[in-house]
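Below: upload-v3.cif (mmCIF, C-alpha atoms and all ligand atoms)
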```cif
data_my_file
#
loop_
_atom_site.label_atom_id
_atom_site.label_comp_id
_atom_site.auth_asym_id
_atom_site.auth_seq_id
_atom_site.Cartn_x
_atom_site.Cartn_y
_atom_site.Cartn_z
CA MET E 1 8.64 34.07 -7.27
CA LYS E 2 4.99 33.58 -8.29
CA LYS E 3 4.45 33.91 -12.04
CA GLU E 4 1.75 36.33 -13.18
CA ILE E 5 -0.13 34.99 -16.18
CA CYS E 6 -3.03 36.40 -18.22
CA SER E 7 -5.82 34.45 -19.91
CA HIS E 8 -4.18 34.89 -23.29
CA GLN E 9 -1.07 33.11 -21.97
CA SER E 10 -3.23 30.32 -20.47
CA ASP E 11 -4.90 29.80 -23.86
CA ALA E 12 -1.48 29.68 -25.51
CA LEU E 13 -0.30 27.08 -22.97
CA ASN E 14 -3.34 24.86 -23.67
CA HIS E 15 -2.73 25.20 -27.38
CA THR E 16 0.98 24.36 -27.10
CA ILE E 17 0.43 21.27 -24.91
CA ASN E 18 -2.50 20.06 -26.99
CA HIS E 19 -0.66 20.50 -30.26
CA LEU E 20 2.51 18.81 -29.01
CA GLY E 21 0.57 15.90 -27.47
CA GLN E 22 -1.42 15.24 -30.62
CA SER E 23 1.60 15.61 -32.88
CA LEU E 24 3.31 12.88 -30.80
CA GLY E 25 0.38 10.48 -31.18
CA ALA E 26 -2.19 11.35 -28.50
CA THR E 27 -5.81 11.06 -29.63
CA ALA E 28 -6.89 13.70 -27.11
CA VAL E 29 -5.41 15.81 -24.32
CA GLY E 30 -7.42 16.93 -21.26
CA PHE E 31 -6.77 19.59 -18.62
CA SER E 32 -8.06 19.44 -15.05
CA ASP E 33 -8.08 21.28 -11.73
CA LEU E 34 -7.18 18.84 -8.93
CA SER E 35 -7.74 21.17 -6.00
CA ILE E 36 -10.88 19.28 -4.82
CA LEU E 37 -8.70 16.20 -4.11
CA PRO E 38 -6.77 15.67 -0.85
CA GLU E 39 -3.21 16.96 -1.24
CA GLN E 40 -1.59 13.54 -0.75
CA LYS E 41 -3.66 12.15 -3.64
CA ARG E 42 -2.17 14.70 -6.05
CA MET E 43 1.41 14.89 -4.76
CA GLY E 44 0.90 18.56 -3.87
CA PHE E 45 0.19 19.60 -7.49
CA ASN E 46 -3.01 21.43 -8.35
CA ARG E 47 -3.42 20.61 -12.05
CA ALA E 48 -3.23 17.62 -14.34
CA ILE E 49 -2.85 16.91 -18.02
CA THR E 50 -4.51 13.72 -19.22
CA ILE E 51 -3.10 12.07 -22.32
CA LEU E 52 -5.49 9.70 -24.07
CA ILE E 53 -4.82 7.20 -26.85
CA LYS E 54 -7.66 5.35 -28.53
CA LEU E 55 -7.03 1.62 -28.87
CA SER E 56 -7.25 -0.09 -32.26
CA ASN E 57 -10.77 -1.25 -33.18
CA GLY E 58 -9.24 -3.77 -35.60
CA ILE E 59 -7.37 -5.44 -32.73
CA LEU E 60 -10.16 -5.17 -30.15
CA ASN E 61 -12.77 -6.53 -32.56
CA GLN E 62 -10.82 -9.80 -32.77
CA ILE E 63 -11.53 -10.49 -29.10
CA GLY E 64 -14.31 -13.04 -28.83
CA GLU E 65 -14.66 -15.17 -25.71
CA GLU E 66 -11.16 -14.41 -24.48
CA PRO E 67 -8.42 -11.81 -25.10
CA THR E 68 -5.84 -12.32 -27.84
CA GLN E 69 -2.04 -12.15 -27.89
CA THR E 70 -2.32 -9.30 -30.38
CA TYR E 71 -4.36 -7.35 -27.82
CA PHE E 72 -1.79 -8.07 -25.11
CA SER E 73 1.02 -6.65 -27.33
CA HIS E 74 -1.10 -3.69 -28.37
CA TYR E 75 -1.91 -2.85 -24.73
CA ARG E 76 1.78 -2.78 -23.88
CA SER E 77 2.74 -0.80 -27.01
CA VAL E 78 0.13 1.88 -26.28
CA ASN E 79 1.35 2.14 -22.67
CA ARG E 80 4.89 2.70 -23.98
CA LEU E 81 3.72 5.41 -26.38
CA LEU E 82 1.77 7.12 -23.57
CA ASP E 83 4.87 7.13 -21.39
CA ASP E 84 6.95 8.57 -24.26
CA ILE E 85 4.41 11.34 -24.90
CA SER E 86 4.27 12.13 -21.16
CA LEU E 87 8.03 12.41 -21.00
CA ARG E 88 8.18 14.77 -23.97
CA LEU E 89 5.42 16.97 -22.55
CA LEU E 90 7.04 16.93 -19.11
CA LEU E 91 10.36 18.12 -20.55
CA SER E 92 8.58 20.88 -22.46
CA LEU E 93 6.74 22.04 -19.32
CA GLU E 94 9.95 22.08 -17.33
CA ALA E 95 11.69 24.07 -20.10
CA LEU E 96 8.90 26.64 -19.66
CA GLY E 97 9.63 26.77 -15.91
CA TYR E 98 6.97 24.39 -14.50
CA PRO E 99 8.37 21.43 -12.53
CA SER E 100 6.02 18.47 -13.16
CA VAL E 101 5.66 14.73 -12.57
CA ALA E 102 4.69 12.13 -15.18
CA ILE E 103 2.62 9.22 -13.87
CA PRO E 104 3.28 6.04 -15.91
CA ALA E 105 0.38 4.61 -17.92
CA SER E 106 0.51 1.29 -16.10
CA GLN E 107 2.21 1.02 -12.73
CA SER E 108 0.94 -0.16 -9.35
CA VAL E 109 2.47 1.26 -6.19
CA ALA E 110 2.70 -0.28 -2.73
CA ASP E 111 -0.47 0.74 -0.88
CA PRO E 112 -1.49 -1.24 2.20
CA ASN E 113 -5.17 -0.41 1.52
CA ASP E 114 -5.23 -1.20 -2.20
CA SER E 115 -2.66 -3.37 -3.99
CA PHE E 116 -4.08 -2.49 -7.43
CA THR E 117 -3.69 1.27 -7.28
CA GLY E 118 -1.34 3.68 -9.10
CA ALA E 119 0.52 6.74 -7.78
CA PHE E 120 -2.31 8.88 -9.18
CA SER E 121 -5.66 7.82 -10.63
CA HIS E 122 -5.59 8.52 -14.40
CA LYS E 123 -9.36 8.02 -14.44
CA THR E 124 -9.90 10.75 -11.83
CA GLY E 125 -7.87 13.23 -13.89
CA ALA E 126 -9.79 12.33 -17.06
CA VAL E 127 -13.19 12.76 -15.36
CA LEU E 128 -12.15 16.11 -13.84
CA ALA E 129 -10.97 17.20 -17.30
CA GLY E 130 -14.47 16.52 -18.63
CA LEU E 131 -13.43 13.74 -21.02
CA GLY E 132 -15.90 11.12 -19.73
CA TRP E 133 -17.18 9.20 -16.68
CA ILE E 134 -16.53 5.99 -14.76
CA GLY E 135 -18.59 3.05 -16.02
CA ARG E 136 -20.28 0.32 -13.99
CA SER E 137 -17.17 -1.68 -14.92
CA ALA E 138 -14.95 0.87 -13.08
CA LEU E 139 -13.32 1.60 -16.45
CA PHE E 140 -13.01 5.16 -17.69
CA ILE E 141 -15.64 5.70 -20.42
CA HIS E 142 -14.72 8.36 -22.96
CA GLN E 143 -17.75 10.16 -24.39
CA ARG E 144 -16.90 9.10 -27.94
CA TYR E 145 -14.51 6.14 -27.70
CA GLY E 146 -16.04 4.46 -24.65
CA PRO E 147 -13.62 2.30 -22.64
CA ARG E 148 -11.44 1.65 -25.73
CA VAL E 149 -8.74 4.03 -24.55
CA ARG E 150 -5.57 4.09 -22.45
CA LEU E 151 -4.52 7.04 -20.29
CA SER E 152 -1.50 8.65 -18.69
CA THR E 153 -1.18 11.79 -16.58
CA ILE E 154 1.19 14.67 -15.89
CA LEU E 155 0.85 16.47 -12.55
CA THR E 156 1.89 20.12 -12.67
CA ASN E 157 1.14 23.66 -11.50
CA ALA E 158 1.28 25.12 -15.02
CA PRO E 159 -1.54 27.71 -15.27
CA PHE E 160 -3.49 26.41 -18.28
CA ASN E 161 -7.30 26.54 -18.59
CA VAL E 162 -9.15 23.49 -17.24
CA GLY E 163 -12.21 21.54 -18.41
CA ASP E 164 -15.56 21.14 -16.63
CA PRO E 165 -15.67 17.88 -14.62
CA VAL E 166 -18.19 15.20 -15.57
CA THR E 167 -20.47 14.57 -12.58
CA GLU E 168 -22.94 11.96 -13.85
CA SER E 169 -22.66 8.46 -15.23
CA GLY E 170 -23.65 8.04 -18.85
CA CYS E 171 -24.26 4.27 -18.49
CA GLY E 172 -28.03 4.68 -18.07
CA SER E 173 -29.80 1.33 -17.80
CA CYS E 174 -27.05 -0.59 -19.63
CA ARG E 175 -25.58 -3.58 -17.73
CA VAL E 176 -23.71 -5.28 -20.57
CA CYS E 177 -20.35 -5.36 -18.76
CA VAL E 178 -21.94 -6.80 -15.61
CA THR E 179 -23.14 -9.89 -17.45
CA ALA E 180 -20.03 -10.11 -19.68
CA CYS E 181 -17.56 -10.41 -16.81
CA PRO E 182 -16.47 -14.05 -16.40
CA ALA E 183 -15.36 -13.38 -12.80
CA GLN E 184 -18.61 -11.74 -11.66
CA ALA E 185 -16.29 -8.96 -10.47
CA ILE E 186 -18.57 -6.06 -11.50
CA GLU E 187 -21.10 -5.14 -8.82
CA GLY E 188 -23.47 -3.31 -11.20
CA GLN E 189 -23.65 0.03 -9.35
CA LEU E 190 -24.03 3.31 -11.19
CA TRP E 191 -21.00 5.57 -10.59
CA THR E 192 -21.31 8.86 -8.74
CA PRO E 193 -18.37 11.24 -8.10
CA GLY E 194 -16.21 10.26 -5.13
CA MET E 195 -17.39 6.63 -5.11
CA ALA E 196 -14.74 4.14 -3.98
CA ARG E 197 -13.61 1.72 -6.70
CA ASN E 198 -14.46 -1.32 -4.61
CA GLN E 199 -18.11 -0.25 -4.63
CA LEU E 200 -18.04 -0.76 -8.40
CA TYR E 201 -15.90 -3.84 -8.83
CA ASP E 202 -13.77 -6.40 -7.06
CA ALA E 203 -10.21 -5.76 -8.28
CA PHE E 204 -8.92 -8.95 -6.63
CA ALA E 205 -11.52 -11.18 -8.35
CA CYS E 206 -10.69 -9.50 -11.68
CA SER E 207 -6.95 -10.01 -11.19
CA GLN E 208 -7.42 -13.66 -10.19
CA GLN E 209 -9.52 -14.31 -13.29
CA MET E 210 -6.83 -12.81 -15.49
CA LYS E 211 -4.06 -14.80 -13.81
CA GLU E 212 -5.90 -18.10 -13.86
CA ALA E 213 -7.69 -17.99 -17.20
CA TYR E 214 -5.37 -15.99 -19.44
CA GLN E 215 -1.88 -16.86 -18.22
CA HIS E 216 -1.13 -18.43 -21.62
CA ILE E 217 -1.89 -15.15 -23.41
CA GLY E 218 0.03 -12.53 -21.50
CA ARG E 219 1.10 -13.60 -18.04
CA GLY E 220 -2.42 -12.94 -16.88
CA ALA E 221 -2.16 -9.20 -17.48
CA VAL E 222 -5.19 -8.71 -19.68
CA CYS E 223 -8.83 -9.70 -19.97
CA GLY E 224 -10.73 -6.76 -21.42
CA LEU E 225 -14.07 -8.49 -22.02
CA CYS E 226 -15.89 -5.71 -20.11
CA MET E 227 -14.18 -3.22 -22.43
CA VAL E 228 -14.92 -4.81 -25.78
CA ARG E 229 -18.56 -5.59 -24.96
CA CYS E 230 -19.35 -2.00 -23.90
CA PRO E 231 -21.63 -0.52 -26.58
CA ILE E 232 -20.01 2.91 -26.28
CA GLY E 233 -17.17 3.33 -28.75
CA GLN E 234 -17.87 0.15 -30.73
S1 LIG V 1 -11.19 -7.31 -17.07
FE1 LIG V 1 -12.34 -9.26 -17.30
S2 LIG V 1 -12.38 -10.15 -15.24
FE2 LIG V 1 -11.84 -8.00 -15.00
S3 LIG V 1 -13.77 -6.93 -14.66
FE3 LIG V 1 -13.41 -6.84 -16.87
S4 LIG V 1 -14.45 -8.66 -17.71
FE4 LIG V 1 -14.27 -8.95 -15.48
S1 LIG V 2 -21.11 -1.83 -20.78
FE1 LIG V 2 -22.82 -0.46 -20.30
S2 LIG V 2 -22.84 -0.35 -18.04
FE2 LIG V 2 -20.84 -1.17 -18.63
S3 LIG V 2 -19.51 0.63 -18.75
FE3 LIG V 2 -20.32 0.29 -20.82
S4 LIG V 2 -22.15 1.60 -20.93
FE4 LIG V 2 -21.62 1.40 -18.77
#
```
Could you write out this structure as structure tokens?
Amino acid sequence: MKKEICSHQSDALNHTINHLGQSLGATAVGFSDLSILPEQKRMGFNRAITILIKLSNGILNQIGEEPTQTYFSHYRSVNRLLDDISLRLLLSLEALGYPSVAIPASQSVADPNDSFTGAFSHKTGAVLAGLGWIGRSALFIHQRYGPRVRLSTILTNAPFNVGDPVTESGCGSCRVCVTACPAQAIEGQLWTPGMARNQLYDAFACSQQMKEAYQHIGRGAVCGLCMVRCPIGQ
């Protein structure tokens, strides 16, 4: 049976999710309407909750010409915390009667067209929630913290209020990440909504650089130079 819900109840749902997320360690929580996306891209759900954690400036500021082992550990720890917060929020939503799906912070799925993609794009959810835009680097750029964030997502039909999507890049004339990338993987295009990721950067060239140059740091899983050089959030 369809649940009837008034705006007061929607506000209360936003408040409950936001409060729980932040009390568990999220820096920010975003709410989005996914209905503009094709159904198979959103697993049939029409809303998303974005959970955002700001990375440590102390750790990121130690990155000079290459990533550090401390950054590699931090990256994995933050992903674990995101997954824990998602699970707790998911259980709370289901207790309220809203079946939901938590998308892991870092997980690639088998896709014949893109071997570096996840089950749902966290960045798309964050942009639709109005938290920021996609940079020339193809990273999500939070309006305050820049690319120094990690994200996870919960897909749901819970009837909370949603944010206003961001529809313009805030990169302006900046091209810092384009010149910082050691793999020349960043094309330098300004993002517009709906743009394919490969128009912004070459995910294969990026992955190869990480595997070849930084294997000794973290099995090639991290580089992050485009992130730490971005002036937004420094
Ligand atoms: S992570 Fe490194 S290799 Fe990949 S795009 Fe950014 S700077 Fe280039
Ligand atoms: S370094 Fe400059 S161009 Fe690249 S994502 Fe950041 S603001 Fe945008």
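Proximity of E:Leu60, E:Ala205, E:Ile85, E:Leu128 to Ile36 of chain E, computed with only C-alpha atoms, is greatest for E:Leu128.
In terms of minimum interatomic distance to Asp11 of chain E, E:Val162 ranks closest within E:Ile141, E:Val162, E:Met43, E:Leu91, counting all atoms listed in the file.
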Residue neighbourhood Tyr75 of chain E, 12 Å, only C-alpha atoms, exclusion window fewer than 6 positions, as a PyMOL selection string: chain E and resi 53-56+59-60+67-69+81-82+105-106+148-151+218+221-224
Need to verify the contact set: Arg197 of chain E, 9 Å, all atoms listed in the file, exclusion of same-chain residues closer than 5 positions in sequence. Can you return it as a compact mmCIF listing (two decimals) with C-alpha atoms, in the frame of the given file?
```txt
# COMPACT_ATOMS: atom_id res chain seq x y z
CA ALA E 138 -14.95 0.87 -13.08
CA ASP E 202 -13.77 -6.40 -7.06
CA ALA E 203 -10.21 -5.76 -8.28
```
Near ligand LIG 1 (chain V), 12 Å: chain E residue rows, closest pairs, only C-alpha atoms and all ligand atoms, as JSON lines:
```
{"residue": "E:Ile63", "atom": "CA", "partner": "V:LIG1", "partner_atom": "FE1", "distance": 11.9}
{"residue": "E:Gly64", "atom": "CA", "partner": "V:LIG1", "partner_atom": "S4", "distance": 12.0}
{"residue": "E:Glu65", "atom": "CA", "partner": "V:LIG1", "partner_atom": "S4", "distance": 10.3}
{"residue": "E:Glu66", "atom": "CA", "partner": "V:LIG1", "partner_atom": "FE1", "distance": 8.9}
{"residue": "E:Pro67", "atom": "CA", "partner": "V:LIG1", "partner_atom": "FE1", "distance": 9.1}
{"residue": "E:Gly135", "atom": "CA", "partner": "V:LIG1", "partner_atom": "S3", "distance": 11.2}
{"residue": "E:Arg136", "atom": "CA", "partner": "V:LIG1", "partner_atom": "S3", "distance": 9.8}
{"residue": "E:Ser137", "atom": "CA", "partner": "V:LIG1", "partner_atom": "S3", "distance": 6.3}
{"residue": "E:Ala138", "atom": "CA", "partner": "V:LIG1", "partner_atom": "S3", "distance": 8.0}
{"residue": "E:Leu139", "atom": "CA", "partner": "V:LIG1", "partner_atom": "FE3", "distance": 8.5}
{"residue": "E:Pro147", "atom": "CA", "partner": "V:LIG1", "partner_atom": "FE3", "distance": 10.8}
{"residue": "E:Val176", "atom": "CA", "partner": "V:LIG1", "partner_atom": "S4", "distance": 10.3}
{"residue": "E:Cys177", "atom": "CA", "partner": "V:LIG1", "partner_atom": "S4", "distance": 6.8}
{"residue": "E:Val178", "atom": "CA", "partner": "V:LIG1", "partner_atom": "FE4", "distance": 8.0}
{"residue": "E:Thr179", "atom": "CA", "partner": "V:LIG1", "partner_atom": "S4", "distance": 8.8}
{"residue": "E:Ala180", "atom": "CA", "partner": "V:LIG1", "partner_atom": "S4", "distance": 6.1}
{"residue": "E:Cys181", "atom": "CA", "partner": "V:LIG1", "partner_atom": "S4", "distance": 3.7}
{"residue": "E:Pro182", "atom": "CA", "partner": "V:LIG1", "partner_atom": "FE4", "distance": 5.6}
{"residue": "E:Ala183", "atom": "CA", "partner": "V:LIG1", "partner_atom": "S2", "distance": 5.0}
{"residue": "E:Gln184", "atom": "CA", "partner": "V:LIG1", "partner_atom": "FE4", "distance": 6.4}
{"residue": "E:Ala185", "atom": "CA", "partner": "V:LIG1", "partner_atom": "S3", "distance": 5.3}
{"residue": "E:Ile186", "atom": "CA", "partner": "V:LIG1", "partner_atom": "S3", "distance": 5.8}
{"residue": "E:Glu187", "atom": "CA", "partner": "V:LIG1", "partner_atom": "S3", "distance": 9.5}
{"residue": "E:Gly188", "atom": "CA", "partner": "V:LIG1", "partner_atom": "S3", "distance": 10.9}
{"residue": "E:Arg197", "atom": "CA", "partner": "V:LIG1", "partner_atom": "S3", "distance": 11.8}
{"residue": "E:Asn198", "atom": "CA", "partner": "V:LIG1", "partner_atom": "S3", "distance": 11.5}
{"residue": "E:Leu200", "atom": "CA", "partner": "V:LIG1", "partner_atom": "S3", "distance": 9.8}
{"residue": "E:Tyr201", "atom": "CA", "partner": "V:LIG1", "partner_atom": "S3", "distance": 6.9}
{"residue": "E:Asp202", "atom": "CA", "partner": "V:LIG1", "partner_atom": "S3", "distance": 7.6}
{"residue": "E:Ala203", "atom": "CA", "partner": "V:LIG1", "partner_atom": "FE2", "distance": 7.3}
{"residue": "E:Phe204", "atom": "CA", "partner": "V:LIG1", "partner_atom": "FE2", "distance": 8.9}
{"residue": "E:Ala205", "atom": "CA", "partner": "V:LIG1", "partner_atom": "S2", "distance": 7.0}
{"residue": "E:Cys206", "atom": "CA", "partner": "V:LIG1", "partner_atom": "FE2", "distance": 3.8}
{"residue": "E:Ser207", "atom": "CA", "partner": "V:LIG1", "partner_atom": "FE2", "distance": 6.5}
{"residue": "E:Gln208", "atom": "CA", "partner": "V:LIG1", "partner_atom": "S2", "distance": 7.9}
{"residue": "E:Gln209", "atom": "CA", "partner": "V:LIG1", "partner_atom": "S2", "distance": 5.4}
{"residue": "E:Met210", "atom": "CA", "partner": "V:LIG1", "partner_atom": "S2", "distance": 6.2}
{"residue": "E:Lys211", "atom": "CA", "partner": "V:LIG1", "partner_atom": "S2", "distance": 9.6}
{"residue": "E:Glu212", "atom": "CA", "partner": "V:LIG1", "partner_atom": "S2", "distance": 10.3}
{"residue": "E:Ala213", "atom": "CA", "partner": "V:LIG1", "partner_atom": "S2", "distance": 9.3}
{"residue": "E:Tyr214", "atom": "CA", "partner": "V:LIG1", "partner_atom": "FE1", "distance": 9.9}
{"residue": "E:Gly220", "atom": "CA", "partner": "V:LIG1", "partner_atom": "S1", "distance": 10.4}
{"residue": "E:Ala221", "atom": "CA", "partner": "V:LIG1", "partner_atom": "S1", "distance": 9.2}
{"residue": "E:Val222", "atom": "CA", "partner": "V:LIG1", "partner_atom": "S1", "distance": 6.7}
{"residue": "E:Cys223", "atom": "CA", "partner": "V:LIG1", "partner_atom": "FE1", "distance": 4.4}
{"residue": "E:Gly224", "atom": "CA", "partner": "V:LIG1", "partner_atom": "S1", "distance": 4.4}
{"residue": "E:Leu225", "atom": "CA", "partner": "V:LIG1", "partner_atom": "S4", "distance": 4.3}
{"residue": "E:Cys226", "atom": "CA", "partner": "V:LIG1", "partner_atom": "S4", "distance": 4.1}
{"residue": "E:Met227", "atom": "CA", "partner": "V:LIG1", "partner_atom": "FE3", "distance": 6.7}
{"residue": "E:Val228", "atom": "CA", "partner": "V:LIG1", "partner_atom": "S4", "distance": 9.0}
{"residue": "E:Arg229", "atom": "CA", "partner": "V:LIG1", "partner_atom": "S4", "distance": 8.9}
{"residue": "E:Cys230", "atom": "CA", "partner": "V:LIG1", "partner_atom": "S4", "distance": 10.3}
```
Work out how far apart atom CA of Ile17 of chain E and atom CA of Gly163 of chain E are and give it in Å to one decimal.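 Computing it gives 14.2 Å between the two atoms.
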Among listed residues E:Pro193, E:Asn161, E:Gln215, E:Gly146, nearest ligand LIG 2 (chain V) (using all atoms listed in the file):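 Closest residue, counting all atoms listed in the file: E:Gly146.
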Residue nearest ligand LIG 2 (chain V) among E:Gly194, E:Gly44, E:Gly58, E:Gly132 (counting all atoms listed in the file):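 Looking only at the distances to ligand LIG 2 (chain V), the closest residue turns out to be E:Gly132.
Atom CA of Lys41 of chain E sits 28.1 Å away from atom CA of Ala12 of chain E.
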Distance criterion (all atoms listed in the file): nearest to ligand LIG 2 (chain V) out of E:Cys171, E:Leu190, E:Ile217, E:Ala158: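 Smallest distance to ligand LIG 2 (chain V) is found for E:Cys171.
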Interatomic distance, atom FE3 of ligand LIG 2 (chain V) to atom CA of Thr70 of chain E (Å, one decimal):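 Interatomic distance here is 22.5 Å.
In this comparison, which uses all atoms listed in the file, the residue of E:Ser92, E:Ala196, E:Pro159, E:Ile103 approaching Asn14 of chain E most closely is E:Pro159.
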